[in-house]
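Asker: Contents are PDB, C-alpha atoms and all ligand atoms; file name protein-v7.pdb:
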MODEL        1
ATOM      1  CA  MET A   1       0.000   0.000   0.000
ATOM      2  CA  THR A   2       1.298   3.453  -0.884
ATOM      3  CA  THR A   3       1.469   6.290   1.613
ATOM      4  CA  SER A   4       0.843   9.976   0.856
ATOM      5  CA  LEU A   5       1.933  12.625   3.318
ATOM      6  CA  ILE A   6      -0.032  15.877   3.275
ATOM      7  CA  ILE A   7       1.696  19.014   4.571
ATOM      8  CA  PRO A   8      -0.410  22.188   4.773
ATOM      9  CA  ALA A   9       1.930  25.161   4.935
ATOM     10  CA  PHE A  10       1.256  28.813   5.645
ATOM     11  CA  ASN A  11       4.262  31.124   5.985
ATOM     12  CA  GLU A  12       6.602  28.315   7.067
ATOM     13  CA  GLU A  13       9.755  29.244   5.098
ATOM     14  CA  GLU A  14      12.018  28.367   8.023
ATOM     15  CA  ALA A  15      10.607  24.890   8.556
ATOM     16  CA  ILE A  16       9.158  23.540   5.309
ATOM     17  CA  GLY A  17      12.478  22.340   3.844
ATOM     18  CA  LEU A  18      13.405  20.542   7.072
ATOM     19  CA  VAL A  19       9.996  18.845   7.198
ATOM     20  CA  ILE A  20      10.211  17.576   3.600
ATOM     21  CA  GLU A  21      13.751  16.261   4.173
ATOM     22  CA  GLU A  22      12.813  14.552   7.430
ATOM     23  CA  TYR A  23       9.750  12.748   6.045
ATOM     24  CA  TYR A  24      11.219  11.920   2.621
ATOM     25  CA  PRO A  25      12.553   8.408   3.478
ATOM     26  CA  PHE A  26       9.356   7.366   5.290
ATOM     27  CA  VAL A  27       6.602   7.876   2.668
ATOM     28  CA  ASP A  28       5.896   7.239  -1.034
ATOM     29  CA  GLU A  29       4.464  10.652  -1.857
ATOM     30  CA  ILE A  30       4.682  14.100  -0.275
ATOM     31  CA  ILE A  31       2.029  16.680  -1.087
ATOM     32  CA  VAL A  32       2.818  20.202   0.089
ATOM     33  CA  VAL A  33      -0.070  22.658  -0.098
ATOM     34  CA  ASP A  34       1.135  26.214   0.195
ATOM     35  CA  ASP A  35      -1.836  28.108   1.575
ATOM     36  CA  GLY A  36      -1.229  31.512  -0.017
ATOM     37  CA  SER A  37       1.953  32.207   1.961
ATOM     38  CA  LYS A  38       3.479  35.678   1.785
ATOM     39  CA  ASP A  39       7.008  34.400   2.387
ATOM     40  CA  LYS A  40       9.257  31.979   0.472
ATOM     41  CA  THR A  41       7.415  28.770   1.512
ATOM     42  CA  TYR A  42       6.338  27.964  -2.049
ATOM     43  CA  GLU A  43       9.765  28.638  -3.587
ATOM     44  CA  ILE A  44      11.555  26.534  -0.981
ATOM     45  CA  ALA A  45       9.087  23.627  -1.254
ATOM     46  CA  SER A  46       9.242  23.766  -5.073
ATOM     47  CA  HIS A  47      12.977  23.324  -4.801
ATOM     48  CA  TYR A  48      12.348  19.777  -3.535
ATOM     49  CA  GLN A  49       9.883  18.815  -6.312
ATOM     50  CA  ASP A  50      10.656  15.459  -7.906
ATOM     51  CA  ALA A  51       8.813  12.213  -8.661
ATOM     52  CA  LYS A  52       7.881  11.957  -4.996
ATOM     53  CA  VAL A  53       7.331  15.546  -3.866
ATOM     54  CA  HIS A  54       4.473  17.585  -5.342
ATOM     55  CA  VAL A  55       3.797  21.170  -4.421
ATOM     56  CA  PHE A  56       0.447  22.901  -4.906
ATOM     57  CA  GLN A  57      -0.465  26.486  -4.195
ATOM     58  CA  HIS A  58      -3.609  28.303  -3.119
ATOM     59  CA  THR A  59      -3.535  31.773  -4.597
ATOM     60  CA  GLN A  60      -5.477  32.948  -1.520
ATOM     61  CA  ASN A  61      -5.240  31.730   2.055
ATOM     62  CA  GLN A  62      -7.999  29.188   2.725
ATOM     63  CA  GLY A  63      -7.002  28.014   6.199
ATOM     64  CA  LYS A  64      -5.535  24.716   7.312
ATOM     65  CA  VAL A  65      -8.621  22.615   6.522
ATOM     66  CA  GLY A  66      -8.803  23.940   2.959
ATOM     67  CA  ALA A  67      -5.129  23.082   2.504
ATOM     68  CA  LEU A  68      -5.580  19.562   3.918
ATOM     69  CA  LEU A  69      -8.557  18.851   1.648
ATOM     70  CA  THR A  70      -6.679  20.072  -1.437
ATOM     71  CA  GLY A  71      -3.852  17.735  -0.396
ATOM     72  CA  VAL A  72      -6.181  14.744  -0.066
ATOM     73  CA  ARG A  73      -7.727  15.486  -3.468
ATOM     74  CA  LYS A  74      -4.321  15.652  -5.151
ATOM     75  CA  SER A  75      -2.888  12.586  -3.425
ATOM     76  CA  THR A  76      -2.650   9.170  -5.058
ATOM     77  CA  GLY A  77      -1.757   6.945  -2.088
ATOM     78  CA  GLU A  78      -4.137   4.543  -0.361
ATOM     79  CA  ILE A  79      -2.937   5.713   3.029
ATOM     80  CA  ILE A  80      -2.986   9.370   4.015
ATOM     81  CA  VAL A  81      -0.829  10.902   6.723
ATOM     82  CA  PHE A  82      -1.396  14.473   7.948
ATOM     83  CA  THR A  83       1.384  16.429   9.586
ATOM     84  CA  ASP A  84       2.252  20.101  10.190
ATOM     85  CA  ALA A  85       4.858  22.177   8.384
ATOM     86  CA  ASP A  86       6.516  23.465  11.562
ATOM     87  CA  CYS A  87       8.800  20.542  12.575
ATOM     88  CA  THR A  88       6.720  19.770  15.659
ATOM     89  CA  TYR A  89       5.816  16.179  14.696
ATOM     90  CA  PRO A  90       8.796  13.787  14.263
ATOM     91  CA  ALA A  91       8.733  11.623  11.119
ATOM     92  CA  ARG A  92      10.110   8.559  12.890
ATOM     93  CA  TYR A  93       6.620   7.509  14.005
ATOM     94  CA  ILE A  94       5.396   6.837  10.448
ATOM     95  CA  PRO A  95       6.410   3.121  10.542
ATOM     96  CA  VAL A  96       4.545   2.759  13.854
ATOM     97  CA  PHE A  97       1.453   4.403  12.326
ATOM     98  CA  LEU A  98       1.598   2.081   9.307
ATOM     99  CA  SER A  99       1.983  -1.028  11.426
ATOM    100  CA  GLU A 100      -1.031   0.067  13.504
ATOM    101  CA  LEU A 101      -3.057   0.397  10.270
ATOM    102  CA  ASN A 102      -1.884  -3.073   9.204
ATOM    103  CA  ARG A 103      -2.936  -4.481  12.556
ATOM    104  CA  GLY A 104      -6.508  -3.346  11.893
ATOM    105  CA  ALA A 105      -6.665   0.281  13.049
ATOM    106  CA  ASP A 106      -8.674   2.634  10.816
ATOM    107  CA  LEU A 107      -7.446   5.910  12.264
ATOM    108  CA  VAL A 108      -4.093   6.340  14.010
ATOM    109  CA  LEU A 109      -3.650   9.431  16.181
ATOM    110  CA  GLY A 110      -0.268  10.750  17.296
ATOM    111  CA  VAL A 111      -0.931  11.641  20.937
ATOM    112  CA  ARG A 112       1.329  14.459  22.106
ATOM    113  CA  ASN A 113       2.446  12.934  25.416
ATOM    114  CA  ILE A 114       6.213  13.238  25.201
ATOM    115  CA  GLU A 115       7.708  16.718  25.669
ATOM    116  CA  ALA A 116       4.135  18.009  25.852
ATOM    117  CA  HIS A 117       5.396  21.246  27.436
ATOM    118  CA  ASN A 118       6.208  22.359  23.872
ATOM    119  CA  ILE A 119       2.487  22.702  23.178
ATOM    120  CA  PRO A 120       1.539  26.369  23.757
ATOM    121  CA  LEU A 121      -0.592  26.793  26.905
ATOM    122  CA  PHE A 122      -3.526  28.102  24.871
ATOM    123  CA  ASN A 123      -3.454  24.985  22.675
ATOM    124  CA  ARG A 124      -3.140  22.745  25.715
ATOM    125  CA  ILE A 125      -6.313  24.162  27.242
ATOM    126  CA  GLY A 126      -8.103  23.891  23.885
ATOM    127  CA  ASN A 127      -6.965  20.302  23.411
ATOM    128  CA  ALA A 128      -8.198  19.311  26.869
ATOM    129  CA  VAL A 129     -11.633  20.802  26.182
ATOM    130  CA  PHE A 130     -11.902  19.291  22.683
ATOM    131  CA  SER A 131     -10.736  15.861  23.872
ATOM    132  CA  THR A 132     -13.187  15.808  26.797
ATOM    133  CA  MET A 133     -15.966  16.708  24.385
ATOM    134  CA  ALA A 134     -14.849  14.053  21.895
ATOM    135  CA  THR A 135     -14.798  11.426  24.656
ATOM    136  CA  TYR A 136     -18.293  12.399  25.844
ATOM    137  CA  ILE A 137     -19.768  12.426  22.340
ATOM    138  CA  SER A 138     -18.149   9.271  21.022
ATOM    139  CA  GLY A 139     -18.194   7.212  24.212
ATOM    140  CA  LYS A 140     -14.601   6.189  23.590
ATOM    141  CA  TYR A 141     -11.663   7.583  25.514
ATOM    142  CA  ILE A 142      -9.862  10.049  23.260
ATOM    143  CA  SER A 143      -6.784  11.643  24.793
ATOM    144  CA  ASP A 144      -5.789  14.026  21.969
ATOM    145  CA  GLY A 145      -8.644  14.548  19.535
ATOM    146  CA  GLN A 146      -7.030  17.688  18.082
ATOM    147  CA  THR A 147      -3.685  16.213  17.075
ATOM    148  CA  GLY A 148      -2.561  17.201  13.585
ATOM    149  CA  TYR A 149      -0.431  14.061  13.154
ATOM    150  CA  ARG A 150      -2.671  11.197  12.029
ATOM    151  CA  ALA A 151      -2.901   8.370   9.490
ATOM    152  CA  PHE A 152      -5.874   6.619   7.862
ATOM    153  CA  ARG A 153      -7.038   4.934   4.660
ATOM    154  CA  LYS A 154      -8.116   7.442   2.040
ATOM    155  CA  GLU A 155     -11.541   5.860   1.540
ATOM    156  CA  MET A 156     -12.399   6.460   5.203
ATOM    157  CA  MET A 157     -12.234  10.212   4.619
ATOM    158  CA  ASP A 158     -15.006   9.984   1.992
ATOM    159  CA  GLU A 159     -17.195   7.955   4.328
ATOM    160  CA  LEU A 160     -16.765  10.322   7.265
ATOM    161  CA  LEU A 161     -18.189  13.374   5.439
ATOM    162  CA  VAL A 162     -16.632  15.796   7.924
ATOM    163  CA  SER A 163     -18.201  19.209   7.489
ATOM    164  CA  ALA A 164     -15.777  21.671   9.022
ATOM    165  CA  LYS A 165     -13.894  24.729   7.930
ATOM    166  CA  SER A 166     -11.890  25.645  10.984
ATOM    167  CA  LEU A 167     -10.394  24.355  14.219
ATOM    168  CA  GLU A 168     -13.172  21.816  14.720
ATOM    169  CA  PHE A 169     -11.972  19.696  11.774
ATOM    170  CA  GLU A 170      -9.608  17.372  13.674
ATOM    171  CA  THR A 171     -11.997  16.760  16.566
ATOM    172  CA  LYS A 172     -14.987  16.250  14.243
ATOM    173  CA  MET A 173     -13.012  13.757  12.189
ATOM    174  CA  THR A 174     -12.005  11.852  15.337
ATOM    175  CA  VAL A 175     -15.540  11.902  16.754
ATOM    176  CA  ARG A 176     -17.204  10.805  13.526
ATOM    177  CA  ALA A 177     -14.733   7.945  13.089
ATOM    178  CA  ALA A 178     -15.368   6.790  16.664
ATOM    179  CA  LYS A 179     -19.145   7.057  16.275
ATOM    180  CA  LEU A 180     -19.188   5.141  13.026
ATOM    181  CA  GLY A 181     -17.351   2.288  14.719
ATOM    182  CA  TYR A 182     -13.929   2.770  13.131
ATOM    183  CA  VAL A 183     -11.044   1.460  15.205
ATOM    184  CA  ILE A 184      -8.946   4.312  16.602
ATOM    185  CA  SER A 185      -5.404   3.655  17.715
ATOM    186  CA  GLU A 186      -3.425   6.143  19.809
ATOM    187  CA  VAL A 187       0.364   6.272  19.501
ATOM    188  CA  PRO A 188       2.268   8.384  22.074
ATOM    189  CA  ILE A 189       4.570  10.776  20.242
ATOM    190  CA  GLU A 190       7.102  13.438  21.035
ATOM    191  CA  TYR A 191       6.008  17.002  20.320
ATOM    192  CA  ARG A 192       8.954  19.224  19.469
ATOM    193  CA  GLU A 193       9.273  22.953  19.791
ATOM    194  CA  ARG A 194       8.043  24.613  16.613
ATOM    195  CA  VAL A 195      10.531  26.062  14.079
ATOM    196  CA  GLY A 196       9.498  29.558  12.962
ATOM    197  CA  THR A 197       7.113  31.933  14.682
ATOM    198  CA  SER A 198       3.832  30.780  16.188
ATOM    199  CA  LYS A 199       0.715  32.077  14.460
ATOM    200  CA  LEU A 200      -1.552  31.826  17.447
ATOM    201  CA  HIS A 201      -3.626  34.910  18.313
ATOM    202  CA  PRO A 202      -5.307  34.232  21.682
ATOM    203  CA  ILE A 203      -8.319  36.460  20.905
ATOM    204  CA  ARG A 204      -8.899  35.434  17.275
ATOM    205  CA  ASP A 205      -8.183  31.771  17.938
ATOM    206  CA  GLY A 206     -10.078  31.819  21.249
ATOM    207  CA  TYR A 207     -13.135  33.036  19.343
ATOM    208  CA  ARG A 208     -12.566  30.383  16.662
ATOM    209  CA  MET A 209     -12.254  27.725  19.334
ATOM    210  CA  PHE A 210     -15.501  28.836  20.934
ATOM    211  CA  ARG A 211     -17.261  28.677  17.549
ATOM    212  CA  ALA A 212     -15.716  25.295  16.821
ATOM    213  CA  LEU A 213     -16.959  23.898  20.144
ATOM    214  CA  LEU A 214     -20.452  25.281  19.517
ATOM    215  CA  SER A 215     -20.433  23.765  16.040
ATOM    216  CA  ILE A 216     -19.462  20.322  17.371
ATOM    217  CA  ALA A 217     -22.010  20.525  20.208
ATOM    218  CA  TRP A 218     -24.752  21.582  17.788
ATOM    219  CA  HIS A 219     -24.054  18.843  15.245
ATOM    220  CA  GLU A 220     -23.582  16.068  17.762
ATOM    221  CA  THR A 221     -26.521  16.765  20.098
ATOM    222  CA  SER A 222     -29.665  14.723  19.485
ATOM    223  CA  PRO A 223     -32.485  16.780  17.860
ATOM    224  CA  LEU A 224     -34.987  16.062  20.657
ATOM    225  CA  ALA A 225     -32.461  17.182  23.268
ATOM    226  CA  LYS A 226     -31.881  20.400  21.327
ATOM    227  CA  MET A 227     -35.650  21.056  21.110
ATOM    228  CA  ILE A 228     -35.841  20.922  24.899
ATOM    229  CA  SER A 229     -32.481  22.340  25.980
ATOM    230  CA  VAL A 230     -32.366  25.393  23.715
ATOM    231  CA  PRO A 231     -35.655  26.918  25.012
ATOM    232  CA  GLY A 232     -34.475  25.909  28.491
ATOM    233  CA  LEU A 233     -31.269  27.910  28.051
ATOM    234  CA  PHE A 234     -33.237  30.937  26.824
ATOM    235  CA  LEU A 235     -35.524  30.779  29.872
ATOM    236  CA  LEU A 236     -32.463  30.507  32.120
ATOM    237  CA  LEU A 237     -30.909  33.563  30.471
ATOM    238  CA  ALA A 238     -34.185  35.505  30.753
ATOM    239  CA  GLY A 239     -34.355  34.547  34.449
ATOM    240  CA  ILE A 240     -30.825  35.805  34.996
ATOM    241  CA  GLY A 241     -31.800  39.028  33.177
ATOM    242  CA  PHE A 242     -34.787  39.662  35.487
ATOM    243  CA  GLY A 243     -32.586  38.842  38.480
ATOM    244  CA  LEU A 244     -29.907  41.331  37.433
ATOM    245  CA  ILE A 245     -32.505  44.081  36.912
ATOM    246  CA  SER A 246     -33.806  43.442  40.447
ATOM    247  CA  VAL A 247     -30.312  43.590  41.926
ATOM    248  CA  GLN A 248     -29.608  46.821  40.058
ATOM    249  CA  GLU A 249     -32.873  48.413  41.253
ATOM    250  CA  ARG A 250     -32.156  47.368  44.836
ATOM    251  CA  LEU A 251     -28.621  48.770  44.721
ATOM    252  CA  LEU A 252     -29.509  52.064  43.022
ATOM    253  CA  ASN A 253     -32.874  52.893  44.631
ATOM    254  CA  TYR A 254     -32.845  50.857  47.864
ATOM    255  CA  TYR A 255     -36.261  49.518  46.849
ATOM    256  CA  LEU A 256     -37.633  47.493  43.951
ATOM    257  CA  ILE A 257     -39.523  49.312  41.196
ATOM    258  CA  HIS A 258     -40.722  45.978  39.806
ATOM    259  CA  GLU A 259     -41.444  43.990  42.927
ATOM    260  CA  TYR A 260     -42.451  40.825  41.071
ATOM    261  CA  TYR A 261     -39.205  40.557  39.114
ATOM    262  CA  PRO A 262     -37.332  38.455  41.711
ATOM    263  CA  LEU A 263     -40.192  35.961  41.710
ATOM    264  CA  ILE A 264     -40.291  35.866  37.891
ATOM    265  CA  SER A 265     -36.510  35.496  37.864
ATOM    266  CA  VAL A 266     -36.483  32.507  40.223
ATOM    267  CA  PHE A 267     -39.351  30.851  38.363
ATOM    268  CA  LEU A 268     -37.702  31.283  34.941
ATOM    269  CA  MET A 269     -34.303  30.117  36.183
ATOM    270  CA  LEU A 270     -35.693  26.998  37.856
ATOM    271  CA  PHE A 271     -37.798  26.130  34.819
ATOM    272  CA  GLY A 272     -34.852  26.826  32.501
ATOM    273  CA  ILE A 273     -32.474  24.651  34.531
ATOM    274  CA  GLN A 274     -35.030  21.831  34.582
ATOM    275  CA  LEU A 275     -35.585  21.917  30.819
ATOM    276  CA  THR A 276     -31.837  22.116  30.085
ATOM    277  CA  SER A 277     -31.136  19.169  32.393
ATOM    278  CA  ILE A 278     -33.894  17.068  30.824
ATOM    279  CA  GLY A 279     -32.378  17.843  27.400
ATOM    280  CA  LEU A 280     -28.924  16.795  28.612
ATOM    281  CA  ILE A 281     -30.274  13.533  30.054
ATOM    282  CA  ILE A 282     -32.067  12.777  26.766
ATOM    283  CA  ASP A 283     -28.843  13.500  24.894
ATOM    284  CA  TYR A 284     -26.840  11.210  27.167
ATOM    285  CA  LEU A 285     -29.354   8.387  26.776
ATOM    286  CA  SER A 286     -29.603   8.777  23.009
ATOM    287  CA  LYS A 287     -25.810   8.602  22.714
ATOM    288  CA  LYS A 288     -25.864   5.432  24.818
ATOM    289  CA  MET A 289     -28.561   3.932  22.583
ATOM    290  CA  ASP A 290     -26.515   4.821  19.473
ATOM    291  CA  ARG A 291     -23.542   2.972  20.940
ATOM    292  CA  ILE A 292     -25.568  -0.122  21.803
ATOM    293  CA  GLU A 293     -27.038  -0.113  18.267
ATOM    294  CA  GLU A 294     -23.538   0.241  16.842
ATOM    295  CA  ARG A 295     -22.293  -2.704  18.930
ATOM    296  CA  ILE A 296     -25.186  -4.909  17.796
ATOM    297  CA  ARG A 297     -24.518  -3.928  14.190
ATOM    298  CA  GLN A 298     -20.821  -4.740  14.596
ATOM    299  CA  SER A 299     -21.551  -8.160  16.098
ATOM    300  CA  PHE A 300     -23.828  -8.942  13.116
ATOM    301  CA  ILE A 301     -21.090  -7.894  10.685
ATOM    302  CA  LYS A 302     -18.593 -10.152  12.508
ATOM    303  CA  LYS A 303     -20.993 -13.144  12.399
ATOM    304  CA  GLU A 304     -21.480 -12.719   8.637
TER     305      GLU A 304
HETATM  306  N1  LIG B   1      -2.391  29.016  11.311
HETATM  307  C1  LIG B   1      -2.587  28.593  10.052
HETATM  308  N2  LIG B   1      -1.961  27.484   9.669
HETATM  309  C2  LIG B   1      -2.153  27.070   8.407
HETATM  310  C3  LIG B   1      -3.001  27.752   7.507
HETATM  311  N3  LIG B   1      -2.996  27.098   6.341
HETATM  312  C4  LIG B   1      -2.157  26.071   6.521
HETATM  313  N4  LIG B   1      -1.637  26.047   7.772
HETATM  314  C5  LIG B   1      -0.681  25.038   8.334
HETATM  315  O1  LIG B   1      -1.319  24.248   9.327
HETATM  316  C6  LIG B   1      -0.385  23.755  10.279
HETATM  317  C7  LIG B   1      -0.808  24.076  11.695
HETATM  318  O2  LIG B   1      -0.735  25.443  11.949
HETATM  319  P1  LIG B   1       0.122  26.060  13.138
HETATM  320  O3  LIG B   1       0.322  27.506  12.839
HETATM  321  O4  LIG B   1       1.339  25.232  13.396
HETATM  322  O5  LIG B   1      -0.904  25.952  14.374
HETATM  323  P2  LIG B   1      -0.665  25.463  15.838
HETATM  324  O6  LIG B   1       0.195  24.229  15.843
HETATM  325  O7  LIG B   1      -2.011  25.370  16.443
HETATM  326  O8  LIG B   1       0.078  26.667  16.563
HETATM  327  P3  LIG B   1       1.631  27.168  16.500
HETATM  328  O9  LIG B   1       2.472  26.040  16.031
HETATM  329  O10 LIG B   1       1.956  27.625  17.891
HETATM  330  O11 LIG B   1       1.620  28.325  15.517
HETATM  331  C8  LIG B   1       0.966  24.385   9.901
HETATM  332  O12 LIG B   1       1.665  23.441   9.126
HETATM  333  C9  LIG B   1       0.545  25.591   9.072
HETATM  334  O13 LIG B   1       1.545  25.973   8.175
HETATM  335  C10 LIG B   1      -3.671  28.946   7.931
HETATM  336  O14 LIG B   1      -4.413  29.593   7.213
HETATM  337  N5  LIG B   1      -3.434  29.312   9.214
HETATM  338 MG    MG B   2       2.140  24.069  15.092
ENDMDL
END
Can you dump the structure from the file as structure tokens?
Answerer:
Amino acid sequence: MTTSLIIPAFNEEEAIGLVIEEYYPFVDEIIVVDDGSKDKTYEIASHYQDAKVHVFQHTQNQGKVGALLTGVRKSTGEIIVFTDADCTYPARYIPVFLSELNRGADLVLGVRNIEAHNIPLFNRIGNAVFSTMATYISGKYISDGQTGYRAFRKEMMDELLVSAKSLEFETKMTVRAAKLGYVISEVPIEYRERVGTSKLHPIRDGYRMFRALLSIAWHETSPLAKMISVPGLFLLLAGIGFGLISVQERLLNYYLIHEYYPLISVFLMLFGIQLTSIGLIIDYLSKKMDRIEERIRQSFIKKE
């Protein structure tokens, strides 16, 4: 089976050459997708073009997911490996990934356990939140759902139908694979300090992370649970609103202009909390049912 490595690269002139050289002996094809870089990334990568290394360019920046998908489309291998263009993920794990795939894994994740202090604090917090969410949604323990170093068979990507444009891509891919019953294998890997400057902007990326989490929660929550929880959350917010108005009136005027507001506030908050909790319980049970169904389906497939 042939292996294609996909490297999305955005302004990585300092690292891209080192990454191509390091991975060269381990794979059959290297696809570099330059994501509209403003520096010399494209020129440097092009320098390595040969029968094995292919370099593609987005004229405009499309983000990491866009670059990964272009890479998958252009690749010819049966096995796809994703890595980053910043020298953080060592190439020496590729043989381990491939042997995991041969042993029956469908998706191999490089779990950043070794030298994990090299992961920026902001990313570490994000990873913890995403991985907890992935574990809750999929029912399988996922320790690093956001890792960018992963290997899988190309056809799995088509079956997963991951709809994501931003940070949620990696976690959604992991969650969907777990939910559809694919075997996930975790390989502990070293995470090195990045070469070149970090592109993290706490505010911009914090906002993106928040949106990504909302997107995953929205897509993975059962429809009935949403129908109950969403109105519940609105009632809770309205209750808090009435409560805050009462507190403000009490502090500014020493008496309440709207004397029924505290009562309305408590009523709305209690009702809101109840509805939200019922929604969450329904969601939990429906996820459990999905898993039982999946297990029954799997046991039928094995018997056949
Ligand atoms: N940030 C960013 N990365 C992109 C983009 N397009 C492709 N990439 C590549 O995606 C990979 C991951 O991006 P990184 O900037 O390393 O993101 P990170 O690992 O979360 O954070 P740092 O390494 O601290 O910057 C790198 O290989 C980038 O070159 C893009 O639009 N933005
Ligand atoms: Mg990085």
Asker: Using all atoms listed in the file, which protein or nucleic acid residues come within 9 Å of range 83-85 of chain A? Drop anything in the same chain fewer than 4 positions from it, and give the result as a PDB file with C-alpha atoms, in the frame of the given file.
Answerer:
ATOM      1  CA  LEU A   5       1.933  12.625   3.318  1.00  0.00           C
ATOM      2  CA  ILE A   6      -0.032  15.877   3.275  1.00  0.00           C
ATOM      3  CA  ILE A   7       1.696  19.014   4.571  1.00  0.00           C
ATOM      4  CA  PRO A   8      -0.410  22.188   4.773  1.00  0.00           C
ATOM      5  CA  ALA A   9       1.930  25.161   4.935  1.00  0.00           C
ATOM      6  CA  PHE A  10       1.256  28.813   5.645  1.00  0.00           C
ATOM      7  CA  GLU A  12       6.602  28.315   7.067  1.00  0.00           C
ATOM      8  CA  ALA A  15      10.607  24.890   8.556  1.00  0.00           C
ATOM      9  CA  ILE A  16       9.158  23.540   5.309  1.00  0.00           C
ATOM     10  CA  GLY A  17      12.478  22.340   3.844  1.00  0.00           C
ATOM     11  CA  LEU A  18      13.405  20.542   7.072  1.00  0.00           C
ATOM     12  CA  VAL A  19       9.996  18.845   7.198  1.00  0.00           C
ATOM     13  CA  ILE A  20      10.211  17.576   3.600  1.00  0.00           C
ATOM     14  CA  VAL A  32       2.818  20.202   0.089  1.00  0.00           C
ATOM     15  CA  TYR A  89       5.816  16.179  14.696  1.00  0.00           C
ATOM     16  CA  ALA A  91       8.733  11.623  11.119  1.00  0.00           C
ATOM     17  CA  GLY A 148      -2.561  17.201  13.585  1.00  0.00           C
ATOM     18  CA  TYR A 149      -0.431  14.061  13.154  1.00  0.00           C
ATOM     19  CA  ARG A 150      -2.671  11.197  12.029  1.00  0.00           C
ATOM     20  CA  VAL A 195      10.531  26.062  14.079  1.00  0.00           C
TER      21      VAL A 195
END
Asker: List the neighbours of range 63-72 of chain A out to 7 Å using all atoms listed in the file; skip same-chain residues closer than 2 positions along the sequence, and give me the result as a list in words.
Answerer: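 With the cut-off at 7 Å, the set is Ile6, Pro8, Ile31, Val33, Asp35, Asn61, Lys74, Ser75, Lys165, Ser166 and Phe169 of chain A.
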Asker: At a cut-off of 6 Å, using only C-alpha atoms, what residues contact Ala151 in chain A? Leave out same-chain residues fewer than 3 positions from it and give the result as an MDAnalysis selection string.
Answerer: chainID A and resid 80:81 107:108
Asker: Mind dumping a table of every chain A residue within 8 Å of ligand MG 2 (chain B), with the nearest atom pair and its distance in Å to one decimal, using only C-alpha atoms and all ligand atoms, sorted by chain and rising number, as CSV?
Answerer:
residue,atom,partner,partner_atom,distance
A:Asp84,CA,B:MG2,MG,6.3
A:Ala85,CA,B:MG2,MG,7.5
A:Asp86,CA,B:MG2,MG,5.7
A:Cys87,CA,B:MG2,MG,7.9
A:Thr88,CA,B:MG2,MG,6.3
A:Arg194,CA,B:MG2,MG,6.1
A:Ser198,CA,B:MG2,MG,7.0
Asker: Could you pull the residues within 6 Å of range 109-111 of chain A, counting only C-alpha atoms, minus those fewer than 2 positions along the same chain, as a VMD selection string?
Answerer: chain A and resid 113 144 149 to 150 186 to 189
Asker: Which is closest to Val183 in chain A among A:Val266, A:Ile142, A:Ile203, A:Ala116, if we use all atoms listed in the file?
Answerer: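 Nearest candidate to Val183 in chain A out of A:Val266, A:Ile142, A:Ile203, A:Ala116: A:Ile142.
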Asker: Can you tell me how far atom O14 of ligand LIG 1 (chain B) sits from CA of Ser163 in chain A, in Å to one decimal?
Answerer: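 Computing the Euclidean distance for atom O14 of ligand LIG 1 (chain B) and CA of Ser163 in chain A yields 17.3 Å.
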Asker: Taking the file as shown, what set of residues would the PyMOL selection byres (((chain A and resi 268) around 12) and not hetatm) give back, as a list in words?
Answerer: Pro231, Gly232, Leu233, Phe234, Leu235, Leu236, Leu237, Ala238, Gly239, Ile240, Gly241, Phe242, Gly243, Tyr261, Pro262, Leu263, Ile264, Ser265, Val266, Phe267, Met269, Leu270, Phe271, Gly272, Ile273, Gln274, Leu275 and Thr276 of chain A
Asker: Between atom N5 of ligand LIG 1 (chain B) and CA of Glu193 in chain A, what is the distance in Å, rounded to a tenth?
Answerer: 17.7 Å
Asker: Taking the file as I've supplied it (selection: the PyMOL selection byres (((chain A and resi 25) around 12) and not hetatm)), which residues are included? Please answer as a PyMOL selection string.
Answerer: chain A and resi 3+5+19-24+26-30+52-53+91-92+94-95
Asker: Could you write out as an mmCIF file with C-alpha atoms, in the coordinates of the input the residues that the PyMOL selection byres (((chain A and resi 176) around 10) and not hetatm) matches in the shown file?
Answerer:
data_model
loop_
_atom_site.group_PDB
_atom_site.id
_atom_site.type_symbol
_atom_site.label_atom_id
_atom_site.label_comp_id
_atom_site.auth_asym_id
_atom_site.auth_seq_id
_atom_site.Cartn_x
_atom_site.Cartn_y
_atom_site.Cartn_z
ATOM 1 C CA ALA A 134 -14.849 14.053 21.895
ATOM 2 C CA ILE A 137 -19.768 12.426 22.340
ATOM 3 C CA SER A 138 -18.149 9.271 21.022
ATOM 4 C CA GLU A 159 -17.195 7.955 4.328
ATOM 5 C CA LEU A 160 -16.765 10.322 7.265
ATOM 6 C CA LEU A 161 -18.189 13.374 5.439
ATOM 7 C CA VAL A 162 -16.632 15.796 7.924
ATOM 8 C CA THR A 171 -11.997 16.760 16.566
ATOM 9 C CA LYS A 172 -14.987 16.250 14.243
ATOM 10 C CA MET A 173 -13.012 13.757 12.189
ATOM 11 C CA THR A 174 -12.005 11.852 15.337
ATOM 12 C CA VAL A 175 -15.540 11.902 16.754
ATOM 13 C CA ALA A 177 -14.733 7.945 13.089
ATOM 14 C CA ALA A 178 -15.368 6.790 16.664
ATOM 15 C CA LYS A 179 -19.145 7.057 16.275
ATOM 16 C CA LEU A 180 -19.188 5.141 13.026
ATOM 17 C CA GLY A 181 -17.351 2.288 14.719
ATOM 18 C CA TYR A 182 -13.929 2.770 13.131
ATOM 19 C CA GLU A 220 -23.582 16.068 17.762
#
Asker: By how many Å are CA of Ala164 in chain A and CA of Ile216 in chain A apart?
Answerer: 9.2 Å
